[in-house]
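Okay, so here's the structure we're looking at.
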Amino acid sequence: MSSQTYDVAIVGGAAVGSAVANFLTHDLGFTGSIAVIERDPTYARAATTLSAASIRQQFSTAENIRMSQFGVAFFRDLKERFGAHADIAFRERGYLLLAGGTGAGTLAANHAVQQGEGADIVLVDPSALAEKFPWLSTADLTLGAFGRTGEGWFDAHALLTLLRNAARQKGARYIHGDVVGIERVGARITGVTLANGERIACGTLVNAAGPQAGDVAALAGIALPVEPRKRCVFVVACRTPLPGMPLTVDPGGVWVRPEGEVYICGVAPPADADTRAGDFEVDYALFEDVVWPALAHRVPAFEALKLQRGWAGHYDYNTLDQNAVIGRHPEIGNFIFANGFSGHGLQQAPATGRAVAELITHQKFVSLDLSLFGYERIAEGRPVKELNVI
Ligand SMILES: Cc1cc2nc3c(=O)[nH]c(=O)nc-3n(C[C@H](O)[C@H](O)[C@H](O)COP(=O)(O)OP(=O)(O)OC[C@H]3O[C@@H](n4cnc5c(N)ncnc54)[C@H](O)[C@@H]3O)c2cc1C
């Protein structure tokens with residue numbers, strides 16, 4: 001079987017892998033060779049294409065806010081980067097996080113962190129909420145947090161296509177292959193093997209395998225607590241217009257947002273049912289039992305909603321702290337993680353691509369220090385807990 005050699009090999013060519021390739025080839029002036037190894041070029045089951053494709057600044061971790069702020073800047077700047085044709089249908093219509101009871105304290109504490117980072121989020125009391133969003137039932141709410149700018153949703157597929165095409169045009173080679181082995185000699189990765197027996201030697205290996213990142217790390221004998229967790233998205237129609245609806249998150253975690261003429265919505269399954277995912281079956285009972293009742297309670301017009309369809313995707317879930325793992329392995333220095341985003345990896349793909357490209361080109365973070373998300377905390381079992389996981 002043949003063997004090829006690249007300076008950088010990236011496992012996974014969806015949003016994160018393609019963002020790394022894009023920043024290497026465009027912004028960082030990297031002149032080495034790049035292989036992006038992707039087992040499914042249709043991306044039919046990638047988290048990227050099955051996601052809810054939304055971006056927010058309402059996090060509890062400053063680094064997450066900064067990463068998404070860069071994501072927003074990247075989206076606003078798209079035409080300058082990719083040309084006049086570039087369009088990811090970015091709708092900057094905000095997130096609205098709602099709190100009832102004592103939840104207001106958490107919302108206010110997170111808001112303080114967001115304000116410290118210059119995020120354009122305002123706290124809104126129930127009477128102002130009722131005035132601004134007359135379709136909302138506010139009787140049992142104590143507070144809301146609304147993103148006036150810098151939050152919204154976009155077309156994930158269009159973003160992936162832009163990143164991928166641009167990386168290819170500048171020489172990154174996309175290889176259709178399933179990485180089934182990683183060769184390690186002492187503290188260095190020397191290459192990967194594909195299911196067809198081919199070998200690809202590399203100077204640096206980037207793990208951008210999304211929900212499979214834990215499995216890929218295991219091929220190198222590295223423990224990474226990232227596994228696939230199923231998340232379902234339901235598409236509903238509602239005859240009553242709901243003007244100005246942001247991505248709205250109910251205190252119990254049910255979220256809903258407009259998508260063209262219809263709405264998409266979902267919720268995380270209960271913790272005891274939230275185990276490693278195997279299938280892509282849509283959990284319609286979750287809609288009937290949890291999502292619909294919560295929606296009908298919060299937005300009375302949704303009592304008459306019509307469920308049209310649903311889909312299931314897999315989150316790249318970090319079981320330690322639901323935060324990203326970004327950076328080099330402390331001992332195996334040429335193995336780089338870009339994993340574990342736990343539901344916010346699409347919006348953070350630009351910031352992650354830039355960060356990993358900087359590590360490869362400059363051996364350090366230059367634009368944004370993401371050492372908080374380093375693998376060291378995983379090795380030490382020291383969580384950096386993100387409180388706003390949606
Ligand atoms: C239902 C749902 C809703 C979401 N909503 C949002 C949201 O609103 N906002 C947000 O920011 N994020 C959201 N996410 C999370 C987001 O989609 C992911 O964090 C992000 O897309 C991760 O990108 P990725 O490129 O790392 O992973 P993926 O898109 O999963 O790509 C990984 C790629 O690696 C390939 N691969 C895996 N193993 C191998 C191997 N061994 N060899 C070769 N190739 C391999 C896969 O085929 C895949 O194409 C959501 C996810 C889901 C499932």
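Going by the structure tokens order, chains are called A, B, ..., each with residues numbered from 1, while ligands are numbered from 1 in the order shown.
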At a cut-off of 6 Å and counting only C-alpha atoms and all ligand atoms, what residues surround ligand 1? Please answer as JSON, numbers by chain. {"A": [11, 12, 13, 14, 15, 16, 17, 37, 38, 39, 40, 43, 46, 47, 48, 50, 51, 52, 53, 54, 55, 177, 178, 179, 180, 208, 209, 210, 211, 212, 216, 231, 232, 233, 313, 314, 315, 316, 339, 341, 342, 343, 344, 345, 346, 347]}
Go ahead and write the selection's residues with C-alpha atoms as a PDB file, in the first residue's frame.
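Once written, again_30.pdb looks like this:
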ATOM      1  CA  VAL A  11      -8.592  13.932  11.101  1.00  0.00           C
ATOM      2  CA  GLY A  12     -12.083  15.194  10.249  1.00  0.00           C
ATOM      3  CA  GLY A  13     -12.917  17.735   7.564  1.00  0.00           C
ATOM      4  CA  ALA A  14     -16.135  19.340   8.821  1.00  0.00           C
ATOM      5  CA  ALA A  15     -16.337  22.822  10.383  1.00  0.00           C
ATOM      6  CA  VAL A  16     -13.446  22.502  12.822  1.00  0.00           C
ATOM      7  CA  GLY A  17     -11.033  20.559  10.589  1.00  0.00           C
ATOM      8  CA  ILE A  37      -8.742  13.164   6.121  1.00  0.00           C
ATOM      9  CA  GLU A  38     -12.519  12.785   6.059  1.00  0.00           C
ATOM     10  CA  ARG A  39     -14.365   9.494   6.087  1.00  0.00           C
ATOM     11  CA  ASP A  40     -17.671  10.890   4.828  1.00  0.00           C
ATOM     12  CA  TYR A  43     -21.044  15.056   5.970  1.00  0.00           C
ATOM     13  CA  ALA A  46     -21.406  15.305  11.003  1.00  0.00           C
ATOM     14  CA  ALA A  47     -22.425  17.453  13.967  1.00  0.00           C
ATOM     15  CA  THR A  48     -21.742  20.452  11.745  1.00  0.00           C
ATOM     16  CA  LEU A  50     -27.021  18.388  11.833  1.00  0.00           C
ATOM     17  CA  SER A  51     -26.635  21.283  14.237  1.00  0.00           C
ATOM     18  CA  ALA A  52     -28.987  24.144  15.091  1.00  0.00           C
ATOM     19  CA  ALA A  53     -26.334  26.512  13.666  1.00  0.00           C
ATOM     20  CA  SER A  54     -26.680  29.294  16.180  1.00  0.00           C
ATOM     21  CA  ILE A  55     -24.175  31.630  17.796  1.00  0.00           C
ATOM     22  CA  GLY A 177     -10.499   7.949   4.191  1.00  0.00           C
ATOM     23  CA  ASP A 178     -11.364   6.490   7.570  1.00  0.00           C
ATOM     24  CA  VAL A 179      -8.530   6.789  10.110  1.00  0.00           C
ATOM     25  CA  VAL A 180      -8.369   3.445  11.910  1.00  0.00           C
ATOM     26  CA  ALA A 208     -10.944  17.326  14.557  1.00  0.00           C
ATOM     27  CA  ALA A 209     -13.108  14.214  14.632  1.00  0.00           C
ATOM     28  CA  GLY A 210     -16.088  15.819  16.406  1.00  0.00           C
ATOM     29  CA  PRO A 211     -18.157  13.303  18.393  1.00  0.00           C
ATOM     30  CA  GLN A 212     -15.612  10.587  17.482  1.00  0.00           C
ATOM     31  CA  VAL A 216      -9.552   8.864  17.551  1.00  0.00           C
ATOM     32  CA  ARG A 231     -29.596  15.673  20.481  1.00  0.00           C
ATOM     33  CA  CYS A 232     -32.897  15.911  18.591  1.00  0.00           C
ATOM     34  CA  VAL A 233     -34.184  18.906  16.686  1.00  0.00           C
ATOM     35  CA  GLY A 313     -27.490  14.629  15.545  1.00  0.00           C
ATOM     36  CA  HIS A 314     -24.580  13.798  17.812  1.00  0.00           C
ATOM     37  CA  TYR A 315     -23.005  16.358  20.116  1.00  0.00           C
ATOM     38  CA  ASP A 316     -19.225  16.196  20.601  1.00  0.00           C
ATOM     39  CA  ASN A 339     -12.527  18.752  20.426  1.00  0.00           C
ATOM     40  CA  PHE A 341     -17.273  21.627  22.276  1.00  0.00           C
ATOM     41  CA  SER A 342     -20.463  20.124  23.734  1.00  0.00           C
ATOM     42  CA  GLY A 343     -22.981  22.011  21.634  1.00  0.00           C
ATOM     43  CA  HIS A 344     -21.084  25.190  20.774  1.00  0.00           C
ATOM     44  CA  GLY A 345     -18.432  23.986  18.343  1.00  0.00           C
ATOM     45  CA  LEU A 346     -19.849  25.384  15.163  1.00  0.00           C
ATOM     46  CA  GLN A 347     -19.843  28.984  16.339  1.00  0.00           C
TER      47      GLN A 347
END
List as number ranges by chain the protein and nucleic acid residues near Arg168 of chain A, meaning an atom at most 12 Å away when only C-alpha atoms are counted, but skip any in the same chain fewer than 3 places from it. A: 13, 18-26, 33-36, 161-165, 171-175
Might you pull out every residue within 10 Å of segment 203-205 of chain A, with only C-alpha atoms counted and same-chain residues fewer than 4 positions away left off, and present them as a VMD selection string? chain A and resid 5 to 11 32 to 35 182 188 to 192 328 333 to 337 360
Write the selection just made, keeping N, CA and C atoms, as a PDB file, in the first residue's frame?
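This went into out-v7.pdb:
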ATOM      1  N   THR A   5       3.299  11.660   2.666  1.00  0.00           N
ATOM      2  CA  THR A   5       3.775  12.417   3.825  1.00  0.00           C
ATOM      3  C   THR A   5       3.272  13.858   3.756  1.00  0.00           C
ATOM      4  N   TYR A   6       2.755  14.336   4.881  1.00  0.00           N
ATOM      5  CA  TYR A   6       2.282  15.723   4.974  1.00  0.00           C
ATOM      6  C   TYR A   6       2.852  16.359   6.243  1.00  0.00           C
ATOM      7  N   ASP A   7       3.028  17.663   6.181  1.00  0.00           N
ATOM      8  CA  ASP A   7       3.477  18.358   7.402  1.00  0.00           C
ATOM      9  C   ASP A   7       2.389  18.308   8.467  1.00  0.00           C
ATOM     10  N   VAL A   8       1.150  18.510   8.012  1.00  0.00           N
ATOM     11  CA  VAL A   8       0.025  18.487   8.952  1.00  0.00           C
ATOM     12  C   VAL A   8      -1.054  17.551   8.407  1.00  0.00           C
ATOM     13  N   ALA A   9      -1.531  16.645   9.250  1.00  0.00           N
ATOM     14  CA  ALA A   9      -2.697  15.833   8.887  1.00  0.00           C
ATOM     15  C   ALA A   9      -3.807  16.157   9.876  1.00  0.00           C
ATOM     16  N   ILE A  10      -5.011  16.376   9.349  1.00  0.00           N
ATOM     17  CA  ILE A  10      -6.165  16.723  10.184  1.00  0.00           C
ATOM     18  C   ILE A  10      -7.186  15.599  10.041  1.00  0.00           C
ATOM     19  N   VAL A  11      -7.575  14.996  11.152  1.00  0.00           N
ATOM     20  CA  VAL A  11      -8.592  13.932  11.101  1.00  0.00           C
ATOM     21  C   VAL A  11      -9.954  14.590  11.267  1.00  0.00           C
ATOM     22  N   GLY A  32       3.685  24.701   4.589  1.00  0.00           N
ATOM     23  CA  GLY A  32       3.826  23.240   4.569  1.00  0.00           C
ATOM     24  C   GLY A  32       2.638  22.572   3.888  1.00  0.00           C
ATOM     25  N   SER A  33       2.720  21.253   3.778  1.00  0.00           N
ATOM     26  CA  SER A  33       1.640  20.492   3.136  1.00  0.00           C
ATOM     27  C   SER A  33       0.591  20.079   4.172  1.00  0.00           C
ATOM     28  N   ILE A  34      -0.674  20.049   3.737  1.00  0.00           N
ATOM     29  CA  ILE A  34      -1.794  19.771   4.656  1.00  0.00           C
ATOM     30  C   ILE A  34      -2.709  18.707   4.054  1.00  0.00           C
ATOM     31  N   ALA A  35      -2.992  17.668   4.829  1.00  0.00           N
ATOM     32  CA  ALA A  35      -3.988  16.671   4.427  1.00  0.00           C
ATOM     33  C   ALA A  35      -5.151  16.737   5.394  1.00  0.00           C
ATOM     34  N   ILE A 182      -3.337   5.005  14.548  1.00  0.00           N
ATOM     35  CA  ILE A 182      -2.391   6.117  14.696  1.00  0.00           C
ATOM     36  C   ILE A 182      -1.062   5.520  15.123  1.00  0.00           C
ATOM     37  N   ARG A 188       6.045  10.797  20.041  1.00  0.00           N
ATOM     38  CA  ARG A 188       5.691  11.450  18.769  1.00  0.00           C
ATOM     39  C   ARG A 188       4.723  10.604  17.962  1.00  0.00           C
ATOM     40  N   ILE A 189       3.791  11.298  17.327  1.00  0.00           N
ATOM     41  CA  ILE A 189       2.931  10.646  16.336  1.00  0.00           C
ATOM     42  C   ILE A 189       3.705  10.683  15.022  1.00  0.00           C
ATOM     43  N   THR A 190       3.743   9.565  14.340  1.00  0.00           N
ATOM     44  CA  THR A 190       4.473   9.549  13.056  1.00  0.00           C
ATOM     45  C   THR A 190       3.535   9.460  11.859  1.00  0.00           C
ATOM     46  N   GLY A 191       2.299   9.019  12.081  1.00  0.00           N
ATOM     47  CA  GLY A 191       1.374   8.938  10.959  1.00  0.00           C
ATOM     48  C   GLY A 191       0.100   8.223  11.337  1.00  0.00           C
ATOM     49  N   VAL A 192      -0.769   8.086  10.339  1.00  0.00           N
ATOM     50  CA  VAL A 192      -2.037   7.381  10.562  1.00  0.00           C
ATOM     51  C   VAL A 192      -2.208   6.313   9.489  1.00  0.00           C
ATOM     52  N   ARG A 328      -2.063  21.293  22.465  1.00  0.00           N
ATOM     53  CA  ARG A 328      -1.214  20.115  22.278  1.00  0.00           C
ATOM     54  C   ARG A 328      -1.344  19.153  23.451  1.00  0.00           C
ATOM     55  N   GLY A 333       3.750  16.050  21.878  1.00  0.00           N
ATOM     56  CA  GLY A 333       3.625  17.448  21.478  1.00  0.00           C
ATOM     57  C   GLY A 333       3.117  17.663  20.065  1.00  0.00           C
ATOM     58  N   ASN A 334       3.216  16.654  19.200  1.00  0.00           N
ATOM     59  CA  ASN A 334       2.726  16.876  17.823  1.00  0.00           C
ATOM     60  C   ASN A 334       1.320  16.304  17.614  1.00  0.00           C
ATOM     61  N   PHE A 335       0.599  16.119  18.724  1.00  0.00           N
ATOM     62  CA  PHE A 335      -0.823  15.723  18.657  1.00  0.00           C
ATOM     63  C   PHE A 335      -1.638  16.876  19.226  1.00  0.00           C
ATOM     64  N   ILE A 336      -2.504  17.462  18.388  1.00  0.00           N
ATOM     65  CA  ILE A 336      -3.258  18.648  18.813  1.00  0.00           C
ATOM     66  C   ILE A 336      -4.751  18.337  18.853  1.00  0.00           C
ATOM     67  N   PHE A 337      -5.378  18.747  19.945  1.00  0.00           N
ATOM     68  CA  PHE A 337      -6.818  18.551  20.126  1.00  0.00           C
ATOM     69  C   PHE A 337      -7.590  19.794  19.663  1.00  0.00           C
ATOM     70  N   ILE A 360       0.393  25.670  15.414  1.00  0.00           N
ATOM     71  CA  ILE A 360       1.236  24.966  14.436  1.00  0.00           C
ATOM     72  C   ILE A 360       2.291  25.912  13.862  1.00  0.00           C
TER      73      ILE A 360
END
Excluding Thr138 of chain A and residues on its chain fewer than 6 positions from it, collect all residues at most 12 Å away from it, counting only C-alpha atoms, and give them as a ChimeraX atom specification. /A:98-100,124-132,144,250-251,297-300
Long-range neighbours of Leu242 of chain A as a list of chain:residue names, 12 Å cut-off, only C-alpha atoms, 4 positions minimum in chain: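 Near Leu242 of chain A, the qualifying residues are A:Lys132, A:Phe133, A:Pro134, A:Trp135, A:Leu136, A:Ala237, A:Cys238, A:Pro246, A:Leu247, A:Thr248, A:Val256, A:Arg257, A:Pro258, A:Glu261, A:Val262, A:Tyr263, A:Val299, A:Pro300, A:Ala301, A:Phe302.
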Excluding same-chain residues fewer than 2 positions from segment 364-368 of chain A, what lies within 10 Å of it counting only C-alpha atoms, as a list in words? Glu63, Arg66, Met67, Phe70, Gly327, Arg328, Ala351, Thr352, Arg354, Ala355, Val356, Ala357, Glu358, Leu359, Ile360, Thr361, His362, Leu370 and Ser371 of chain A
Run DSSP on the backbone and grab whatever in segment 11-89 of chain A lands in strand (DSSP E or B); send it over as a PyMOL selection string. chain A and resi 11+34-38+54-55
Per residue of segment 16-115 of chain A within 12 Å of segment 381-385 of chain A, what are the shortest atom pair and its distance in Å to one decimal, counting only C-alpha atoms, with rows by chain and residue number, as CSV?
residue,atom,partner,partner_atom,distance
A:Phe59,CA,A:Lys385,CA,10.7
A:Ser60,CA,A:Lys385,CA,8.5
A:Thr61,CA,A:Lys385,CA,7.9
A:Ala62,CA,A:Val384,CA,11.1
A:Glu63,CA,A:Val384,CA,10.7
A:Asn64,CA,A:Val384,CA,11.1
Suppose you want the space between atom CA of Gln58 of chain A and atom CA of Phe75 of chain A; what is it in Å?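 Interatomic distance here is 17.5 Å.
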Segment 192-285 of chain A: residues DSSP assigns to helix (DSSP H, G or I), reported as number ranges by chain: A: 210-219, 271-273, 284-285
Could those residues be written to a file, using N, CA and C atoms, as a PDB file, in the first residue's frame?
ATOM      1  N   GLY A 210     -14.760  15.547  15.860  1.00  0.00           N
ATOM      2  CA  GLY A 210     -16.088  15.819  16.406  1.00  0.00           C
ATOM      3  C   GLY A 210     -16.493  14.812  17.474  1.00  0.00           C
ATOM      4  N   PRO A 211     -17.698  14.255  17.368  1.00  0.00           N
ATOM      5  CA  PRO A 211     -18.157  13.303  18.393  1.00  0.00           C
ATOM      6  C   PRO A 211     -17.274  12.061  18.509  1.00  0.00           C
ATOM      7  N   GLN A 212     -16.497  11.764  17.452  1.00  0.00           N
ATOM      8  CA  GLN A 212     -15.612  10.587  17.482  1.00  0.00           C
ATOM      9  C   GLN A 212     -14.222  10.931  18.022  1.00  0.00           C
ATOM     10  N   ALA A 213     -14.035  12.125  18.531  1.00  0.00           N
ATOM     11  CA  ALA A 213     -12.696  12.558  18.946  1.00  0.00           C
ATOM     12  C   ALA A 213     -12.091  11.649  20.013  1.00  0.00           C
ATOM     13  N   GLY A 214     -12.939  11.156  20.928  1.00  0.00           N
ATOM     14  CA  GLY A 214     -12.436  10.255  21.969  1.00  0.00           C
ATOM     15  C   GLY A 214     -11.922   8.961  21.357  1.00  0.00           C
ATOM     16  N   ASP A 215     -12.638   8.457  20.364  1.00  0.00           N
ATOM     17  CA  ASP A 215     -12.223   7.209  19.697  1.00  0.00           C
ATOM     18  C   ASP A 215     -10.908   7.425  18.948  1.00  0.00           C
ATOM     19  N   VAL A 216     -10.783   8.578  18.304  1.00  0.00           N
ATOM     20  CA  VAL A 216      -9.552   8.864  17.551  1.00  0.00           C
ATOM     21  C   VAL A 216      -8.366   9.000  18.514  1.00  0.00           C
ATOM     22  N   ALA A 217      -8.565   9.711  19.625  1.00  0.00           N
ATOM     23  CA  ALA A 217      -7.481   9.848  20.611  1.00  0.00           C
ATOM     24  C   ALA A 217      -7.061   8.473  21.136  1.00  0.00           C
ATOM     25  N   ALA A 218      -8.059   7.602  21.337  1.00  0.00           N
ATOM     26  CA  ALA A 218      -7.769   6.258  21.863  1.00  0.00           C
ATOM     27  C   ALA A 218      -6.853   5.475  20.920  1.00  0.00           C
ATOM     28  N   LEU A 219      -6.933   5.778  19.620  1.00  0.00           N
ATOM     29  CA  LEU A 219      -6.060   5.087  18.652  1.00  0.00           C
ATOM     30  C   LEU A 219      -4.585   5.384  18.942  1.00  0.00           C
ATOM     31  N   ALA A 271     -30.740  13.726  32.348  1.00  0.00           N
ATOM     32  CA  ALA A 271     -29.353  13.269  32.565  1.00  0.00           C
ATOM     33  C   ALA A 271     -29.237  11.749  32.573  1.00  0.00           C
ATOM     34  N   ASP A 272     -30.225  11.046  33.178  1.00  0.00           N
ATOM     35  CA  ASP A 272     -30.085   9.586  33.267  1.00  0.00           C
ATOM     36  C   ASP A 272     -30.303   8.893  31.916  1.00  0.00           C
ATOM     37  N   ALA A 273     -30.862   9.636  30.938  1.00  0.00           N
ATOM     38  CA  ALA A 273     -31.051   9.048  29.603  1.00  0.00           C
ATOM     39  C   ALA A 273     -29.978   9.558  28.630  1.00  0.00           C
ATOM     40  N   TYR A 284     -39.254  11.111  19.455  1.00  0.00           N
ATOM     41  CA  TYR A 284     -40.489  11.903  19.404  1.00  0.00           C
ATOM     42  C   TYR A 284     -41.194  11.973  20.752  1.00  0.00           C
ATOM     43  N   ALA A 285     -40.937  10.998  21.636  1.00  0.00           N
ATOM     44  CA  ALA A 285     -41.544  11.048  22.974  1.00  0.00           C
ATOM     45  C   ALA A 285     -41.009  12.275  23.736  1.00  0.00           C
TER      46      ALA A 285
END
Close residues, Arg276 of chain A itself excluded, 8 Å, only C-alpha atoms, min 6 positions apart in chain, as an MDAnalysis selection string: chainID A and resid 227:230
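For the atom pair formed by atom CA of Leu96 of chain A and atom CA of Gly260 of chain A, the distance is 18.4 Å, given to one decimal.
Across the structure, atom CA of Asp289 of chain A and atom CA of Pro269 of chain A are spaced 10.9 Å apart.
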